[in-house]
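So the structure is just underneath, and the comments pick up after that.
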Amino acid sequence: MYHGVSKNKYLKSPKHLSYDLFRAQLIKLKQHYEFTSIDNLTGLLSNKAIKNPLLAITFDDGYKNNYSAAAEILDDLGLPATFFISTGYIGTNKWMWTDLVEYSIMSSKQDSVKISDLGIELPLSAPGNKALAISSIKSLLKSKDFYQTQSLVEGFSKSLLGSDYVDPFDDYQFMSWDDIKELSRAPFAIGAHTVNHPILTNVSQSIAEQEILNSRDDIINHIGTCSKTFCYPNGKITDYNQAIMNFTSLHFDSAISTVYGYARADEMYQLRRVGVSNSLGCNKLFRRVANLTYGT
Ligand SMILES: [Zn+2]
């Protein structure tokens, strides 16, 4: 499970891997494993037809650098990948709220951040303050009403940054529908990851169902096809439930979580993945994958 691959020398967020690390990881894995698409893997898994360990590459969210950096390397190495997009961000200048928290705290010149709606005031001036503030704010907000969170974050970011507030740029930017169209050629595929990226257990069941179906329909309307695998936002065990899995099973062949592990036939609507960030070196990722393919 990747999010992005960056050509920037200084990475803004560890969820985007450096261009060289991504390439090195895939070269190493390709020497030892076969790759297939997540849809094909799902089919083989449900038919109990997997003989040897197989890897599937997925990207979450729909960042611009999937198109402008990751695809180049995947093409060069001839590897398939599926890009799961939150369609409400595609072709817009909207921030993903988690990115906006990170960007505005890191860029702020103020000594502290006060968020009255959360009843907190956090220092920003000492070393380590900013990283702590980002993780505290993110974890407080993840349990709040999603639609309030978006406007709350925009509000405090504008007050923190003043005239320095900007639209998403570089690794914070999302793809356009033209990018998505180009990226939908074989061996790539585009998959649904909701419209607005809410944690589905934080919204009502009917909103969750709309988020799931509308993202799939957006994709079909733009490119004519959509992966048969769905991808849960945030994807931890508490971020989907039985009702959400049941609904997903009516419209998709499988769904992927962010829970660590290998994909198993008895978990078709909560397939596990291995999250890869820029801090996961090439050999460490290889050892992780090797351990999982032996079922440990
Ligand atoms: Zn996501």
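Here, A, B, ... name the chains of the structure tokens in the order displayed, residue numbers run from 1 inside each chain, and ligands are numbered from 1 in the same displayed order.
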Inset, instruction - For range 242-256 of chain A, please output as a count of residues only all residues within 7 Å (counting only C-alpha atoms; exclusion window: fewer than 5 positions along the same chain). - result: 11
Legend entry - DSSP strand (DSSP E) residues within range 172-240 of chain A, listed as an MDAnalysis selection string: chainID A and resid 188:192 229:231
Include N, CA, C and O atoms and write out the residues we just selected as a PDB file, in the first residue's frame.
ATOM      1  N   PHE A 188      -2.588  -0.897 -15.630  1.00  0.00           N
ATOM      2  CA  PHE A 188      -3.072  -0.128 -14.480  1.00  0.00           C
ATOM      3  C   PHE A 188      -4.594  -0.184 -14.411  1.00  0.00           C
ATOM      4  O   PHE A 188      -5.261  -0.456 -15.408  1.00  0.00           O
ATOM      5  N   ALA A 189      -5.130   0.110 -13.232  1.00  0.00           N
ATOM      6  CA  ALA A 189      -6.586   0.199 -13.066  1.00  0.00           C
ATOM      7  C   ALA A 189      -6.885   1.272 -12.028  1.00  0.00           C
ATOM      8  O   ALA A 189      -6.013   1.636 -11.227  1.00  0.00           O
ATOM      9  N   ILE A 190      -8.118   1.772 -12.076  1.00  0.00           N
ATOM     10  CA  ILE A 190      -8.556   2.808 -11.136  1.00  0.00           C
ATOM     11  C   ILE A 190      -9.638   2.214 -10.246  1.00  0.00           C
ATOM     12  O   ILE A 190     -10.555   1.539 -10.744  1.00  0.00           O
ATOM     13  N   GLY A 191      -9.540   2.461  -8.941  1.00  0.00           N
ATOM     14  CA  GLY A 191     -10.520   1.903  -8.011  1.00  0.00           C
ATOM     15  C   GLY A 191     -11.133   2.980  -7.128  1.00  0.00           C
ATOM     16  O   GLY A 191     -10.625   4.092  -7.014  1.00  0.00           O
ATOM     17  N   ALA A 192     -12.262   2.617  -6.487  1.00  0.00           N
ATOM     18  CA  ALA A 192     -13.039   3.563  -5.676  1.00  0.00           C
ATOM     19  C   ALA A 192     -12.545   3.606  -4.226  1.00  0.00           C
ATOM     20  O   ALA A 192     -12.265   2.571  -3.611  1.00  0.00           O
ATOM     21  N   THR A 229     -12.482  -4.032  -6.741  1.00  0.00           N
ATOM     22  CA  THR A 229     -12.041  -3.979  -5.343  1.00  0.00           C
ATOM     23  C   THR A 229     -12.330  -2.589  -4.803  1.00  0.00           C
ATOM     24  O   THR A 229     -12.093  -1.599  -5.500  1.00  0.00           O
ATOM     25  N   PHE A 230     -12.856  -2.504  -3.571  1.00  0.00           N
ATOM     26  CA  PHE A 230     -13.089  -1.207  -2.924  1.00  0.00           C
ATOM     27  C   PHE A 230     -12.031  -0.997  -1.850  1.00  0.00           C
ATOM     28  O   PHE A 230     -11.538  -1.949  -1.245  1.00  0.00           O
ATOM     29  N   CYS A 231     -11.714   0.276  -1.598  1.00  0.00           N
ATOM     30  CA  CYS A 231     -10.657   0.603  -0.621  1.00  0.00           C
ATOM     31  C   CYS A 231     -11.228   1.515   0.472  1.00  0.00           C
ATOM     32  O   CYS A 231     -11.677   2.620   0.191  1.00  0.00           O
TER      33      CYS A 231
END
Per residue of range 66-142 of chain A within 6 Å of range 51-61 of chain A, record the nearest atom pair and its distance in Å to one decimal, counting only C-alpha atoms, with rows in chain order and ascending residue number, as a Markdown table.
| residue | atom | partner | partner_atom | distance |
| --- | --- | --- | --- | --- |
| A:Ala81 | CA | A:Ile57 | CA | 4.8 |
| A:Thr82 | CA | A:Thr58 | CA | 5.0 |
| A:Phe83 | CA | A:Phe59 | CA | 4.7 |
| A:Phe84 | CA | A:Asp60 | CA | 4.8 |
| A:Ile85 | CA | A:Asp61 | CA | 4.5 |
| A:Ser86 | CA | A:Asp61 | CA | 5.4 |
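The space between CA of Asp164 in chain A and CA of Asp111 in chain A spans 16.0 Å.
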Inset, instruction - Could you tell me how far CA of Gly162 in chain A lies from CA of Ser107 in chain A, in Å and to one decimal? - result: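 Answer for the CA of Gly162 in chain A to CA of Ser107 in chain A separation: 11.0 Å.
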For the contact check between range 174-207 of chain A and range 214-225 of chain A, emit one row per residue of range 174-207 of chain A within 6 Å, containing the shortest atom pair and the distance in Å rounded to one decimal, counting only C-alpha atoms, chain then rising number order, as a tab-separated table.
residue	atom	partner	partner_atom	distance
A:Lys181	CA	A:Ile223	CA	6.0
A:Ala192	CA	A:Arg216	CA	5.1
A:Thr194	CA	A:Ser215	CA	4.9
A:Val195	CA	A:Ser215	CA	4.9
Inset, instruction - Name the residues of range 164-228 of chain A that fall into helix (DSSP H, G or I) according to DSSP on the backbone, using the chain letters and numbers of this document, as a count of residues only. - result: 33
Inset, instruction - Using only C-alpha atoms, find the one residue out of A:Asn202, A:Thr36, A:Trp97, A:Pro187 that sits nearest to Lys144 in chain A. - result: A:Asn202
Inset, instruction - List the neighbours of Ile105 in chain A out to 7 Å using only C-alpha atoms; skip same-chain residues closer than 4 positions along the sequence, and give me the result as a PyMOL selection string. - result: chain A and resi 101+130+134
How about saving the chosen residues, C-alpha atoms kept, as a CSV table (one decimal), in the first residue's frame?
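Listing of result-v3.csv after writing:
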chain,number,residue,atom,x,y,z
A,101,VAL,CA,-3.0,20.0,9.3
A,130,LYS,CA,5.3,20.6,15.7
A,134,ILE,CA,0.3,17.3,14.1
Legend entry - Residue nearest Arg288 in chain A - candidates A:Gln173, A:Gln25, A:Ser37, A:Asn47, atoms counted: only C-alpha atoms: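 Using only C-alpha atoms, the shortest distance to Arg288 in chain A belongs to A:Gln25.
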